[in-house]
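Take a look at the structure set out below.
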2 protein chains.
Amino acid sequence: MGRPREFDVDEALETAMELFWRKGYEGTSLTDLTEGMGITKPSLYGVFGNKEGLFLKALERYERTKMNFFHEALKEPKARDVAERILRGFADSQTAETGPSGCLGINGALACSEAAAEIQKCLIENRHRGERDLGKRFERAAKEDDLPPGQEPYDLARYIMTISQGTAIQAASGADRPALYRVIDMALQFWPVPVAQNS
Amino acid sequence: MGRPREFDVDEALETAMELFWRKGYEGTSLTDLTEGMGITKPSLYGVFGNKEGLFLKALERYERTKMNFFHEALKEPKARDVAERILRGFADSQTAETGPSGCLGINGALACSEAAAEIQKCLIENRHRGERDLGKRFERAAKEDDLPPGQEPYDLARYIMTISQGTAIQAASGADRPALYRVIDMALQFWPVPVAQNS
DNA sequence: ATTTTTTTATACCGATCGGTATATAATTCG
DNA sequence: CGAATTATATACCGATCGGTATAAAAAAAT
């Protein structure tokens with residue numbers, strides 16, 4: 001009942017996500033948002049609450065649509081394949097031609113005013129969560145003798161995430177996908193490709 | 001002649017640098033700056049021109065005082081020592097207890113509004129310059145048979161810078177120095193420590 | 001057809017943004 | 001002592017910030 005909505009919520013959220021991704025939380029104004037989404041401010045506030053709520057929903061969408069490779073990668077049977085899929089998955093997302101360069105989780109609010117402190121904190125926790133999930137996966141790998149000998153699982157997780165965060169900056173600075181792939185190749189050099197196993 | 005300045009320009013610039021470092025270019029307001037520096041707006045504009053000019057001077061100071069290790073590191077005779085000094089130098093600066101976490105060159109303006117596009121461009125060029133300088137150094141190393149065999153110098157430079165940019169995000173997310181050192185240890189694993197040489 | 005409900009459009013809100021005009025205070029030069 | 005010069009303090013500028021009040025428009029329910 002009532003007057004029907006004249007815009008597609010999902011489509012509008014996609015646009016908001018891309019704007020926040022490219023310009024950051026504070027760098028994106030409500031005017032940017034309403035003009036880009038093709039809706040008015042009351043409509044935006046009616047559906048998404050406020051700017052912070054919109055950003056959080058955009059982040060949720062980002063995780064669901066652009067970071068889905070991450071939890072898929074965790075399912076790889078071998079830890080090295082987990083690592084490689086994550087690294088290449090990040091690089092792919094950070095250099096996709098259809099979207100902005102870099103990573104929303106970093107571009108969103110790396111350094112900001114007090115007004116955005118809550119968003120900043122949320123994004124930091126987001127990064128920690130990913131690193132922790134990866135650490136848990138490597139912990140399992142350690143029990144399965146699936147890590148380089150003596151390798152601490154959570155240090156390895158931090159290493160992988162550090163590379164991915166580095167490529168996010170590289171992508172935001174103009175690096176293309178092949179360049180990032182070459183970085184990833186080097187980052188994985190220390191981790192020997194397992195020889196074919198008989199069993 | 002004329003009324004003498006009542007504040008120390010260098011000291012004020014140091015404060016501005018730290019504010020921009022912690023909150024970014026757009027996240028730092030003129031009120032933040034004048035209150036932090038203990039001067040009024042006309043004084044700020046009289047000495048530094050405008051906000052953009054102040055940021056550029058702060059960046060210059062940052063390069064001179066916090067990034068001096070970089071060009072020192074390039075003078076190391078062995079490429080691996082160049083790489084290691086750069087990696088640890090960045091990690092040290094990003095986790096110093098006296099200053100903000102992370103890196104001004106990245107925190108300053110990673111993603112921003114159009115109003116800060118010029119600063120953003122300047123910081124991107126800054127990163128490119130460092131990477132290029134390091135690439136040149138590795139080019140020399142290649143001629144001196146001082147690189148892992150088959151290693152492309154500019155790819156190696158990008159690899160080192162990617163790690164350092166990654167640790168900048170890690171530091172901004174709360175990682176401490178020992179954690180970053182362990183990341184660096186792993187990043188250097190593929191690069192064998194040369195055995196003691198006779199000659 | 002009228003009421004009810006929801007969305008839309010317009011106009012507006014106080015606060016803050018970067019930046020400056022004006023005038024006063026503090027110094028050196030003549 | 002002026003006069004000239006430079007820095008300070010105060011108050012203000014238009015523009016934009018995120019957010020909202022008000023009312024018209026478009027649908028469903030009665």
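Every chain in the structure tokens takes a letter, A first, then B, and so on in the order presented; its residues are numbered from 1, and the ligands are numbered from 1 following the presented order.
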
Next on the checklist: So that I can see what lies close to Trp191 of chain A, please list as a PyMOL selection string the residues with an atom at most 9 Å from it, counting only C-alpha atoms (C1' of nucleotides) and leaving out residues fewer than 2 positions away in the same chain.
Outcome noted: (chain A and resi 80+147-148+187-189+193-194) or (chain B and resi 190)

With N, CA and C atoms retained, write the just-selected residues as a PDB file, in the first residue's frame.
ATOM      1  N   ARG A  80      48.184 -23.437   0.496  1.00  0.00           N
ATOM      2  CA  ARG A  80      48.810 -22.581  -0.510  1.00  0.00           C
ATOM      3  C   ARG A  80      47.799 -22.110  -1.544  1.00  0.00           C
ATOM      4  N   LEU A 147      51.493 -26.559   6.040  1.00  0.00           N
ATOM      5  CA  LEU A 147      52.172 -25.262   6.020  1.00  0.00           C
ATOM      6  C   LEU A 147      53.677 -25.489   5.899  1.00  0.00           C
ATOM      7  N   PRO A 148      54.384 -24.487   5.385  1.00  0.00           N
ATOM      8  CA  PRO A 148      55.852 -24.582   5.462  1.00  0.00           C
ATOM      9  C   PRO A 148      56.255 -24.840   6.907  1.00  0.00           C
ATOM     10  N   ALA A 187      55.494 -12.890  -3.964  1.00  0.00           N
ATOM     11  CA  ALA A 187      55.099 -13.079  -2.563  1.00  0.00           C
ATOM     12  C   ALA A 187      54.906 -14.553  -2.234  1.00  0.00           C
ATOM     13  N   LEU A 188      54.645 -15.351  -3.261  1.00  0.00           N
ATOM     14  CA  LEU A 188      54.399 -16.784  -3.029  1.00  0.00           C
ATOM     15  C   LEU A 188      55.636 -17.633  -3.272  1.00  0.00           C
ATOM     16  N   GLN A 189      56.719 -16.983  -3.695  1.00  0.00           N
ATOM     17  CA  GLN A 189      57.926 -17.743  -4.027  1.00  0.00           C
ATOM     18  C   GLN A 189      58.451 -18.564  -2.860  1.00  0.00           C
ATOM     19  N   VAL A 193      55.628 -24.785  -4.296  1.00  0.00           N
ATOM     20  CA  VAL A 193      54.504 -25.527  -4.868  1.00  0.00           C
ATOM     21  C   VAL A 193      54.717 -26.992  -4.542  1.00  0.00           C
ATOM     22  N   PRO A 194      53.761 -27.640  -3.903  1.00  0.00           N
ATOM     23  CA  PRO A 194      53.954 -29.051  -3.530  1.00  0.00           C
ATOM     24  C   PRO A 194      54.096 -29.910  -4.768  1.00  0.00           C
TER      25      PRO A 194
ATOM     26  N   PHE B 190      62.235 -15.354   0.294  1.00  0.00           N
ATOM     27  CA  PHE B 190      62.565 -15.856  -1.050  1.00  0.00           C
ATOM     28  C   PHE B 190      63.941 -15.375  -1.486  1.00  0.00           C
TER      29      PHE B 190
END

Next on the checklist: Within 9 Å of chain C, which residues belong to chain A? Use only C-alpha atoms (C1' of nucleotides) and report them as a ChimeraX atom specification.
Outcome noted: /A:1-6,40,42-43,46

Please write the residues from the selection above to a file, keeping C-alpha atoms, as a PDB file, in the first residue's frame.
ATOM      1  CA  MET A   1       0.000   0.000   0.000  1.00  0.00           C
ATOM      2  CA  GLY A   2       0.997   3.626  -0.338  1.00  0.00           C
ATOM      3  CA  ARG A   3       2.811   5.293  -3.191  1.00  0.00           C
ATOM      4  CA  PRO A   4       5.197   2.870  -4.893  1.00  0.00           C
ATOM      5  CA  ARG A   5       8.936   3.535  -4.821  1.00  0.00           C
ATOM      6  CA  GLU A   6      10.203   4.956  -8.089  1.00  0.00           C
ATOM      7  CA  THR A  40      16.271  12.890  -3.465  1.00  0.00           C
ATOM      8  CA  PRO A  42      14.225  12.341   1.751  1.00  0.00           C
ATOM      9  CA  SER A  43      14.108   9.146  -0.319  1.00  0.00           C
ATOM     10  CA  GLY A  46      13.678   7.016   4.158  1.00  0.00           C
TER      11      GLY A  46
END

Next on the checklist: Based on only C-alpha atoms, which of the residues in chain A come within 6 Å of chain B? I want them as a ChimeraX atom specification.
Outcome noted: /A:23-24,27,107,111-113,124,159,162-163,165-167,173,183,189-190

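Taking atom CA of Leu87 of chain A and atom CA of Arg177 of chain B as the two end points, the separation is 23.3 Å.
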
Checklist entry - When the cut-off is 6 Å and we count only C-alpha atoms (C1' of nucleotides), which residues of chain D are near chain B, given as number ranges by chain? => result D: 5-7

Checklist outcome for this item: Correct to one decimal, the distance atom CA of Leu30 of chain B-atom CA of Leu54 of chain A is 27.8 Å

Checklist entry - Which residue gives the smallest distance to Glu60 of chain B among B:Glu97, B:Glu131, B:Glu144, B:Glu14, with only C-alpha atoms counted? => result B:Glu14
